[in-house]
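**Student:** I am attaching a structure below and will ask some questions about it afterwards.
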Amino acid sequence: MMEHIDLSGIHNAAMTKSPIHIKLDPTTASPFHNGKFEGWGTSLCWWANRLGASEKFTEQAAKAFFSADGLHLDIARYNIGGGDDPGHDHIMRSDSKVPGVWSSFTPDGSVTFDISKDRNQLNVAKAALRANPDLQFEGFSNSPPYFMTVSGCTGGGAPADSDNLCPDMYCAFGRYIAGATKLFREEGIVFRSYSPMNEPDTDFWRAGSEKQEGCHFSPGESQSRAIVETRKALDEAGLGDVLVAGMDETDIDRTAANFAKLSPEAQAALGRIDTHTYQGSDRAEVRETAIRAGKNLWMSEVDGPWDGLQLAERIIADMNGMQPSAWVTWNIIDFYRDSGFVDPVGNRPEAGSRLDEAAPLWGFGMADFDSEKLHLANKYYFFGQFTRYIRPGDTVIASSDSSLAAYNQDSGDVKIVVVNPSGRDRDYIFDMSEFAGLSARVRVIRTDNLPGGERWKEIHGAARMEGQRLTFTAKDETVTTCVIGE
């Protein structure tokens, strides 16, 4: 369990300039994936479906998000679209019009595949893999193809809280997933896992939706059938090495509650618990649910209208509260400047407006189609304070409400990321007396929230090791990363 630091105490300490003391203990490692962190990631849905039409945007995105010069992300979640009825025109967001990878179908749900329909997203996936050859892919489905649904629409059910996969199409949907997984493997995109559902226990997904595809799966029998049939289909296709993940609930609390409602067969077939953290608060219960079940745990999707400091606070809350082996954001580019973009939800900056680097926004920047250039917000650089330094294979350990810590068992390096959203500097003292053979060398890297300010800036002489204690000052409205020993 992590050492809890009361936020009011932090505030009082900052006011009186008393140092904040935090002891790090290497025995408080994550209980998942043998204590080894698997990495940071993003969904490719929906931005890759837009940017992948441009070679220039594709290469910019691969470098910015997946290369070691950029965020060096380790995970990409690839959405296999259902593909809506060609006669429908209700989806208004151009980026969310993800095509299905099929060209024809029979009444029993058998399909003929055509991967060229998803060329844009595939272009980005291949470029990302070139930028990071160790990139791990997870497939997921927002909806089955329209001809497998009750409503005849991949937008969702009618009503929205009704199951929309036809009762006699669970096997066919599993075969669709397995067939697509095999097809993408032939293209070099190897899904190590596949999640057949996306936020299934909600009333978000309705027929005729302006926004995207979606499908409700009720807790219990419906979710169990989807998991079991996906597992069977993957095995029958010779894809036993692809684990089934789920349920990708939007709500942390529902993740724990709905896992308990799965049939014993479905619980056994589920290879890993994926959860989003848009709603709910009981991170400890999700962690304990996964531990009791003997499952790995990912935080597989979240974002919000946040600035970089708010993003950092959410990462720290999720990573310390659940101790997952991976943390994945949603649509890393969610903001476009071009006349063709329509957002009926109204929760993002308007198309055509200027990107304010420090302003809260969904996504991490803007794709400017006027100049065919990515403009990256401060939020991007704040994310990099984590992704560039805490790397796959590191062991994440308990820290505090304002910090995330990890160490590498092979090199002995210790990495500490601290967020200071207050208007005052904060002094920190990290006690590392439980570590042996620490280096005296400390690198300090910092990003601030000012337009045109510090971006992954090396701050020389800003921290010092005094025996086995690290002392440094976290400047106001910054995220600071200290790397000891690298």
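Residues in the structure tokens are named by chain (A, B, ... in the order shown) and by number from 1 within that chain; ligands are numbered from 1 in the order shown.
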Pick out each residue of stretch 92-183 of chain A that DSSP on the backbone tags as strand (DSSP E); I need them as a list in words.

**Tutor:**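 Taking stretch 92-183 of chain A and keeping strand (DSSP E) only, one gets Trp102, Ser103, Ser104, Phe105, Val111, Thr112, Phe113, Gln136, Phe137, Glu138, Gly139 and Phe140 of chain A.
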
**Student:** With a distance cut-off of 6 Å and only C-alpha atoms, select the neighbouring residues of stretch 218-233 of chain A, excluding the residue or stretch itself and same-chain residues fewer than 4 positions from it, and output the selection as a list in words.

**Tutor:**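 That gives Cys171, Gly174, Arg175, Ala178, Asp201, Asn258, Lys261, Leu262, Ser263 and Ala266 of chain A.
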
**Student:** Against stretch 69-80 of chain A, which residues of stretch 182-246 of chain A fall within 12 Å? For each one I want the closest pair of atoms and the distance in Å (one decimal), counting only C-alpha atoms, rows by chain and increasing residue number, as a tab-separated table.

**Tutor:**
```
residue	atom	partner	partner_atom	distance
A:Leu183	CA	A:Ile80	CA	11.3
A:Phe184	CA	A:Ile80	CA	10.0
A:Ile189	CA	A:Tyr78	CA	9.4
A:Val190	CA	A:Tyr78	CA	10.3
A:Phe191	CA	A:Tyr78	CA	8.4
A:Arg192	CA	A:Arg77	CA	10.3
A:Ser193	CA	A:Arg77	CA	9.4
A:Tyr194	CA	A:Arg77	CA	9.0
A:Ser195	CA	A:Asn79	CA	9.5
A:Pro196	CA	A:Ile80	CA	9.5
A:Met197	CA	A:Asn79	CA	10.7
A:Asn198	CA	A:Asn79	CA	10.0
A:Gln212	CA	A:Asn79	CA	11.8
A:Glu213	CA	A:Asn79	CA	10.6
A:Gly214	CA	A:Asn79	CA	11.6
A:Ala245	CA	A:Arg77	CA	11.7
```

**Student:** Would you kindly return, as a PyMOL selection string, each protein, DNA or RNA residue with an atom no farther than 12 Å from any atom of A:Phe65, considering only C-alpha atoms and excluding same-chain residues fewer than 4 positions away?

**Tutor:** chain A and resi 40-44+48+57-61+69-76+124-125+127-132+135+329+331-333+364-365+374+376+380-381+383-384+387-388

**Student:** What separation in Å, quoted to one decimal, exists between atom CA of A:Lys182 and atom CA of A:Ala237?

**Tutor:** 7.8 Å

**Student:** Name all residues at most 10 Å from A:Gly83 (count only C-alpha atoms; drop same-chain ones fewer than 2 positions away) and give them as a PyMOL selection string.

**Tutor:** chain A and resi 80-81+85-86+97-103+117+143-147+153-155+213

**Student:** Taking only stretch 151-198 of chain A into account, list the residues labelled helix (DSSP H, G or I) by DSSP (computed from the backbone), as a PyMOL selection string.

**Tutor:** chain A and resi 167-186

**Student:** Pick out the closest residue to A:Gly308 from this set: A:Pro133, A:Gly52, A:Pro107, A:Pro360. Count only C-alpha atoms.

**Tutor:** A:Pro360

**Student:** Could you give me, as a list in words, the residues within 10 Å of A:Asp334, counting only C-alpha atoms and dropping anything in the same chain fewer than 6 positions from it?

**Tutor:**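 Surrounding residues, per the criterion: Cys45, Trp46, Trp47, Asp95, Arg348, Pro349, Leu361, Trp362, Gly363, Phe364, Gly365, Met366 and Ala367 of chain A.
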
**Student:** At what distance in Å, to one decimal, does atom CA of A:Gly453 lie from atom CA of A:Leu355?

**Tutor:** 15.3 Å

**Student:** Using only C-alpha atoms, can you tell me which of A:Ser325, A:Lys415, A:His460, A:Asp401 comes closest to A:Ile20?

**Tutor:** A:Asp401
